[in-house]
Amino acid sequence: MRTIVIAGALALLGTLLGTRLAITFLVRKGYGQLIRDDGPTSHHTKRGTPTMGGLVIIVATIAAYAISHLITWTRPSASAVLVLFLFAGLGVVGFLDDFLKIKNQRSLGLRSKAKLLGQSLVAITFAILSLQFPDERGKTPASDAISFLRDIDFLSKLPVVVVIIWVMLLIAAASNGVNLTDGLDGLAAGACVMIFGAYTLVNIWQYNQSCAYESSAGPKCYEVRDPYDLAVVAIALAGACFGFLWWNAEPAKIFMGDTGSLSLGGALAGMAIFTRTELLLIILGGLLVIEVASVILQVGFFKATKGRRLFKMSPLHHHFELLGWQQVTIVMRFWIVAGLFVAAGLGIFYAEWVAGT
C-alpha cells in the first residue's frame with residue numbers, strides 16, 4: 001500500500017509544481033494554442049494560452065511510478081510498464097500533432113492518415129507485447145477474451161489477430177473519447193481523475209481477491225496479472241491529472257493538448273484491458289461515450305437530412321455553450337454526470353463479486 005500512496009502523492013506534486021514551470025517555459029517560447037474559427041466565439045479569448053501541458057502529466061506519472069518503486073525497493077511489473085508504454089507512446093503522437101499546429105500556425109497538426117498511422121503502430125505494438133510475458137501461473141497482461149467484469153467465457157480463446165484488432169479499437173475509442181471531451185477548461189482532466197481513481201479501487205480489490213493468493217481469495221477470485229502494480233499506475237495517473245487541474249481549471253493557464261488527451265485515453269484503455277473490465281469502461285467512462293456519441297449523431301443526422309443539425313454544435317459541451325450556459329456551469333454538471341457513471345460502474349463491479357459469494 002505504501003507504494004500506491006507514494007506514487008499518488010509524487011504525481012500530484014509533480015504536476016502541481018511542474019505545470020507552473022511548464023507555463024513559464026511555453027509562454028517564453030510562444031507555444032500557444034490556436035483556436036478553430038468554426039468553434040464558439042467565446043473561445044477566441046483563449047488564443048495563445050500555452051498548450052502541450054500533457055507533457056507534464058506524462059513526465060510526472062512515469063517519474064512518480066519509478067521513484068515510488070525505488071523508495072519501496074520493489075520490482076516493476078510487465079503490466080504496469082506496458083500501460084506506461086502505451087501512455088507515453090500515444091503522448092508522442094499527440095505531441096507531434098500539437099507541435100505542428102504551433103509550428104505551422106494552424107488549428108490542424110498531423111494529417112489524419114499520419115495521426116492514425118502513429119496511433120496504430122503504438123496500439124499494435126502494445127497489443128502484441130500484452131500477449132507476452134507470462135508469469136509463474138502462465139497469465140499474460142492481456143487475455144485472449146473480451147471482458148466485462150471478467151473475461152466472458154463465450155468470447156474467449158479468440159485468434160490473436162482478432163485480439164489485436166479489438167485492442168486497437170479500444171485504444172482508438174478511449175483516446176478519441178478523451179480528445180473530444182477536452183474542449184472546456186478542466187473538463188477532461190476532472191473526468192480522468194474520477195475514472196483513474198475508480199481503476200485504483202478496482203485494482204486494489206482485485207489484488208486482495210486475486211486467484212494468485214488462494215488462502216485469502218474468495219470463490220470469485222480475479223485472474224488478473226499484477227493488479228497491485230496497476231493500482232500504482234492508476235493512482236499516479238489520477239494524482240497527475242488532479243495536480244494539473246489546478247492550472248487547467250477555468251480560466252485555464254495551460255491546456256493538455258492532444259499530448260495529454262491521447263495519452264490519457266490510451267492509459268484508460270490499457271487499464272480496462274489489463275483489469276479484464278473492457279466493456280465496463282463504457283460505464284466508468286460514460287461521459288466520454290456521450291461526447292463521442294454526440295459527434296457521431298451530429299454527423300449522421302447532418303448527412304441523412306442533407307444539412308440539418310441535431311445539436312447546435314458537437315461535441316455536446318459546445319451545444320450547451322451556444323445555448324448560453326457558462327463554461328464553469330457546463331464543466332461542473334458534466335463532472336457530476338461523470339461521477340454518477342463512475343459510481344454506477346464501481347457499484348456494478350462490486351455487486352457482481354457480492355452476488356457470486
# chains A, B, ... in the order shown; residues from 1 in each chain; ligands from 1
>>> residues_around(residues="Lys29 in chain A", least_positions_apart="4", cutoff="12 Å", atoms="only C-alpha atoms", output="VMD selection string")
chain A and resid 22 to 25 48 to 51 99 102 to 103
>>> write_last_selection(atoms="C-alpha atoms", output="tab-separated table (two decimals), in the first residue's frame")
chain	number	residue	atom	x	y	z
A	22	ALA	CA	5.97	24.49	-17.97
A	23	ILE	CA	3.67	27.51	-18.30
A	24	THR	CA	6.61	29.89	-17.89
A	25	PHE	CA	8.70	27.98	-20.45
A	48	GLY	CA	-2.25	31.99	-27.19
A	49	THR	CA	-2.81	30.00	-23.98
A	50	PRO	CA	0.11	27.55	-23.58
A	51	THR	CA	-0.61	24.02	-24.78
A	99	PHE	CA	3.90	20.88	-32.21
A	102	ILE	CA	2.15	25.67	-33.35
A	103	LYS	CA	4.92	25.50	-35.93
>>> closest_atom_pairs(of="range 144-201 of chain A", to="range 291-304 of chain A", cutoff="10 Å", atoms="only C-alpha atoms", output="JSON lines")
{"residue": "A:Ala173", "atom": "CA", "partner": "A:Val292", "partner_atom": "CA", "distance": 8.5}
{"residue": "A:Ala174", "atom": "CA", "partner": "A:Val292", "partner_atom": "CA", "distance": 9.6}
{"residue": "A:Asn176", "atom": "CA", "partner": "A:Val292", "partner_atom": "CA", "distance": 7.8}
{"residue": "A:Gly177", "atom": "CA", "partner": "A:Val292", "partner_atom": "CA", "distance": 5.8}
{"residue": "A:Val178", "atom": "CA", "partner": "A:Glu291", "partner_atom": "CA", "distance": 8.8}
{"residue": "A:Asn179", "atom": "CA", "partner": "A:Val292", "partner_atom": "CA", "distance": 9.4}
{"residue": "A:Leu180", "atom": "CA", "partner": "A:Glu291", "partner_atom": "CA", "distance": 6.6}
{"residue": "A:Thr181", "atom": "CA", "partner": "A:Glu291", "partner_atom": "CA", "distance": 6.2}
{"residue": "A:Asp182", "atom": "CA", "partner": "A:Glu291", "partner_atom": "CA", "distance": 9.9}
>>> write_last_selection(atoms="N, CA and C atoms", output="PDB file, in the first residue's frame")
ATOM      1  N   ALA A 173     -10.980   4.208 -29.427  1.00  0.00           N
ATOM      2  CA  ALA A 173     -12.206   4.748 -28.850  1.00  0.00           C
ATOM      3  C   ALA A 173     -11.912   5.573 -27.600  1.00  0.00           C
ATOM      4  N   ALA A 174     -11.066   5.049 -26.703  1.00  0.00           N
ATOM      5  CA  ALA A 174     -10.774   5.744 -25.448  1.00  0.00           C
ATOM      6  C   ALA A 174      -9.972   7.023 -25.686  1.00  0.00           C
ATOM      7  N   ASN A 176      -9.763   8.855 -28.438  1.00  0.00           N
ATOM      8  CA  ASN A 176     -10.592   9.866 -29.103  1.00  0.00           C
ATOM      9  C   ASN A 176     -11.677  10.392 -28.173  1.00  0.00           C
ATOM     10  N   GLY A 177     -12.138   9.537 -27.240  1.00  0.00           N
ATOM     11  CA  GLY A 177     -13.132   9.987 -26.271  1.00  0.00           C
ATOM     12  C   GLY A 177     -12.594  11.096 -25.383  1.00  0.00           C
ATOM     13  N   VAL A 178     -11.394  10.911 -24.848  1.00  0.00           N
ATOM     14  CA  VAL A 178     -10.786  11.964 -24.024  1.00  0.00           C
ATOM     15  C   VAL A 178     -10.473  13.184 -24.876  1.00  0.00           C
ATOM     16  N   ASN A 179     -10.015  12.953 -26.102  1.00  0.00           N
ATOM     17  CA  ASN A 179      -9.670  14.050 -27.005  1.00  0.00           C
ATOM     18  C   ASN A 179     -10.874  14.943 -27.291  1.00  0.00           C
ATOM     19  N   LEU A 180     -12.037  14.339 -27.527  1.00  0.00           N
ATOM     20  CA  LEU A 180     -13.249  15.113 -27.809  1.00  0.00           C
ATOM     21  C   LEU A 180     -13.783  15.799 -26.555  1.00  0.00           C
ATOM     22  N   THR A 181     -13.581  15.170 -25.401  1.00  0.00           N
ATOM     23  CA  THR A 181     -14.061  15.750 -24.143  1.00  0.00           C
ATOM     24  C   THR A 181     -13.216  16.944 -23.725  1.00  0.00           C
ATOM     25  N   ASP A 182     -11.969  16.979 -24.176  1.00  0.00           N
ATOM     26  CA  ASP A 182     -11.047  18.051 -23.800  1.00  0.00           C
ATOM     27  C   ASP A 182     -11.339  19.313 -24.610  1.00  0.00           C
TER      28      ASP A 182
END
>>> closest_residue(among="A:Leu268, A:Ile58, A:Leu10, A:Ala338", to="Phe196 in chain A", atoms="only C-alpha atoms")
A:Leu268
>>> select_by_dssp(residues="range 127-347 of chain A", states="alpha helix (DSSP H)", output="VMD selection string")
chain A and resid 127 to 130 160 to 181 187 to 208 227 to 248 257 to 274 281 to 284 286 to 304 316 to 322 327 to 347
>>> closest_residue(among="A:Leu70, A:Ala269, A:Met194, A:Leu129", to="Val337 in chain A", atoms="only C-alpha atoms")
A:Met194
>>> atom_distance(atom1="CA of Arg225 in chain A", atom2="CA of Ala191 in chain A")
26.3 Å
>>> closest_residue(among="A:Leu131, A:Val163, A:Leu17, A:Ala344", to="Ile282 in chain A", atoms="only C-alpha atoms")
A:Ala344
>>> closest_residue(among="A:Ala127, A:Leu90, A:Met271, A:Leu346", to="Ala198 in chain A", atoms="only C-alpha atoms")
A:Leu346
>>> decode(residues="range 119-142 of chain A", atoms="N, CA, C and O atoms", output="PDB file, in the first residue's frame")
ATOM      1  N   GLN A 119      -0.926   6.266 -34.164  1.00  0.00           N
ATOM      2  CA  GLN A 119      -1.721   5.611 -33.133  1.00  0.00           C
ATOM      3  C   GLN A 119      -1.768   4.097 -33.335  1.00  0.00           C
ATOM      4  O   GLN A 119      -1.679   3.329 -32.379  1.00  0.00           O
ATOM      5  N   SER A 120      -1.895   3.694 -34.597  1.00  0.00           N
ATOM      6  CA  SER A 120      -1.993   2.263 -34.902  1.00  0.00           C
ATOM      7  C   SER A 120      -0.704   1.527 -34.582  1.00  0.00           C
ATOM      8  O   SER A 120      -0.721   0.411 -34.034  1.00  0.00           O
ATOM      9  N   LEU A 121       0.434   2.134 -34.905  1.00  0.00           N
ATOM     10  CA  LEU A 121       1.727   1.495 -34.627  1.00  0.00           C
ATOM     11  C   LEU A 121       1.919   1.283 -33.125  1.00  0.00           C
ATOM     12  O   LEU A 121       2.367   0.217 -32.685  1.00  0.00           O
ATOM     13  N   VAL A 122       1.576   2.297 -32.341  1.00  0.00           N
ATOM     14  CA  VAL A 122       1.704   2.179 -30.885  1.00  0.00           C
ATOM     15  C   VAL A 122       0.740   1.118 -30.364  1.00  0.00           C
ATOM     16  O   VAL A 122       1.109   0.264 -29.546  1.00  0.00           O
ATOM     17  N   ALA A 123      -0.511   1.146 -30.860  1.00  0.00           N
ATOM     18  CA  ALA A 123      -1.530   0.206 -30.388  1.00  0.00           C
ATOM     19  C   ALA A 123      -1.186  -1.241 -30.746  1.00  0.00           C
ATOM     20  O   ALA A 123      -1.346  -2.145 -29.924  1.00  0.00           O
ATOM     21  N   ILE A 124      -0.718  -1.457 -31.973  1.00  0.00           N
ATOM     22  CA  ILE A 124      -0.364  -2.819 -32.398  1.00  0.00           C
ATOM     23  C   ILE A 124       0.810  -3.357 -31.585  1.00  0.00           C
ATOM     24  O   ILE A 124       0.803  -4.506 -31.135  1.00  0.00           O
ATOM     25  N   THR A 125       1.818  -2.518 -31.381  1.00  0.00           N
ATOM     26  CA  THR A 125       2.975  -2.929 -30.569  1.00  0.00           C
ATOM     27  C   THR A 125       2.529  -3.293 -29.159  1.00  0.00           C
ATOM     28  O   THR A 125       2.939  -4.316 -28.599  1.00  0.00           O
ATOM     29  N   PHE A 126       1.683  -2.449 -28.591  1.00  0.00           N
ATOM     30  CA  PHE A 126       1.154  -2.705 -27.244  1.00  0.00           C
ATOM     31  C   PHE A 126       0.380  -4.020 -27.207  1.00  0.00           C
ATOM     32  O   PHE A 126       0.556  -4.831 -26.285  1.00  0.00           O
ATOM     33  N   ALA A 127      -0.490  -4.233 -28.199  1.00  0.00           N
ATOM     34  CA  ALA A 127      -1.326  -5.442 -28.232  1.00  0.00           C
ATOM     35  C   ALA A 127      -0.470  -6.708 -28.309  1.00  0.00           C
ATOM     36  O   ALA A 127      -0.722  -7.688 -27.595  1.00  0.00           O
ATOM     37  N   ILE A 128       0.535  -6.681 -29.174  1.00  0.00           N
ATOM     38  CA  ILE A 128       1.395  -7.861 -29.331  1.00  0.00           C
ATOM     39  C   ILE A 128       2.179  -8.148 -28.046  1.00  0.00           C
ATOM     40  O   ILE A 128       2.232  -9.292 -27.576  1.00  0.00           O
ATOM     41  N   LEU A 129       2.764  -7.109 -27.469  1.00  0.00           N
ATOM     42  CA  LEU A 129       3.542  -7.289 -26.242  1.00  0.00           C
ATOM     43  C   LEU A 129       2.660  -7.712 -25.069  1.00  0.00           C
ATOM     44  O   LEU A 129       3.113  -8.429 -24.170  1.00  0.00           O
ATOM     45  N   SER A 130       1.396  -7.289 -25.081  1.00  0.00           N
ATOM     46  CA  SER A 130       0.487  -7.612 -23.977  1.00  0.00           C
ATOM     47  C   SER A 130       0.151  -9.092 -23.906  1.00  0.00           C
ATOM     48  O   SER A 130      -0.306  -9.576 -22.864  1.00  0.00           O
ATOM     49  N   LEU A 131       0.359  -9.798 -24.986  1.00  0.00           N
ATOM     50  CA  LEU A 131       0.096 -11.238 -25.006  1.00  0.00           C
ATOM     51  C   LEU A 131       1.355 -12.051 -24.726  1.00  0.00           C
ATOM     52  O   LEU A 131       1.354 -13.268 -24.850  1.00  0.00           O
ATOM     53  N   GLN A 132       2.421 -11.349 -24.361  1.00  0.00           N
ATOM     54  CA  GLN A 132       3.688 -11.995 -23.996  1.00  0.00           C
ATOM     55  C   GLN A 132       3.869 -11.920 -22.472  1.00  0.00           C
ATOM     56  O   GLN A 132       2.963 -11.533 -21.752  1.00  0.00           O
ATOM     57  N   PHE A 133       5.040 -12.269 -22.005  1.00  0.00           N
ATOM     58  CA  PHE A 133       5.451 -12.141 -20.602  1.00  0.00           C
ATOM     59  C   PHE A 133       4.529 -12.872 -19.623  1.00  0.00           C
ATOM     60  O   PHE A 133       3.986 -12.267 -18.689  1.00  0.00           O
ATOM     61  N   PRO A 134       4.319 -14.175 -19.794  1.00  0.00           N
ATOM     62  CA  PRO A 134       3.515 -14.915 -18.812  1.00  0.00           C
ATOM     63  C   PRO A 134       4.222 -14.968 -17.462  1.00  0.00           C
ATOM     64  O   PRO A 134       5.448 -15.027 -17.395  1.00  0.00           O
ATOM     65  N   ASP A 135       3.433 -14.926 -16.388  1.00  0.00           N
ATOM     66  CA  ASP A 135       4.014 -15.046 -15.055  1.00  0.00           C
ATOM     67  C   ASP A 135       4.120 -16.516 -14.659  1.00  0.00           C
ATOM     68  O   ASP A 135       3.926 -17.404 -15.505  1.00  0.00           O
ATOM     69  N   GLU A 136       4.395 -16.775 -13.391  1.00  0.00           N
ATOM     70  CA  GLU A 136       4.581 -18.156 -12.953  1.00  0.00           C
ATOM     71  C   GLU A 136       3.309 -18.996 -13.066  1.00  0.00           C
ATOM     72  O   GLU A 136       3.363 -20.228 -13.095  1.00  0.00           O
ATOM     73  N   ARG A 137       2.150 -18.328 -13.168  1.00  0.00           N
ATOM     74  CA  ARG A 137       0.894 -19.049 -13.357  1.00  0.00           C
ATOM     75  C   ARG A 137       0.475 -19.111 -14.823  1.00  0.00           C
ATOM     76  O   ARG A 137      -0.606 -19.584 -15.147  1.00  0.00           O
ATOM     77  N   GLY A 138       1.330 -18.563 -15.698  1.00  0.00           N
ATOM     78  CA  GLY A 138       1.038 -18.576 -17.128  1.00  0.00           C
ATOM     79  C   GLY A 138       0.126 -17.459 -17.581  1.00  0.00           C
ATOM     80  O   GLY A 138      -0.354 -17.467 -18.727  1.00  0.00           O
ATOM     81  N   LYS A 139      -0.121 -16.458 -16.714  1.00  0.00           N
ATOM     82  CA  LYS A 139      -1.016 -15.352 -17.054  1.00  0.00           C
ATOM     83  C   LYS A 139      -0.244 -14.224 -17.733  1.00  0.00           C
ATOM     84  O   LYS A 139       0.750 -13.734 -17.195  1.00  0.00           O
ATOM     85  N   THR A 140      -0.706 -13.817 -18.898  1.00  0.00           N
ATOM     86  CA  THR A 140      -0.119 -12.670 -19.599  1.00  0.00           C
ATOM     87  C   THR A 140      -0.893 -11.409 -19.207  1.00  0.00           C
ATOM     88  O   THR A 140      -2.022 -11.502 -18.713  1.00  0.00           O
ATOM     89  N   PRO A 141      -0.315 -10.214 -19.409  1.00  0.00           N
ATOM     90  CA  PRO A 141      -1.030  -8.986 -19.043  1.00  0.00           C
ATOM     91  C   PRO A 141      -2.421  -8.878 -19.665  1.00  0.00           C
ATOM     92  O   PRO A 141      -3.388  -8.537 -18.989  1.00  0.00           O
ATOM     93  N   ALA A 142      -2.541  -9.164 -20.957  1.00  0.00           N
ATOM     94  CA  ALA A 142      -3.845  -9.177 -21.618  1.00  0.00           C
ATOM     95  C   ALA A 142      -4.281 -10.619 -21.816  1.00  0.00           C
ATOM     96  O   ALA A 142      -3.479 -11.540 -21.742  1.00  0.00           O
TER      97      ALA A 142
END
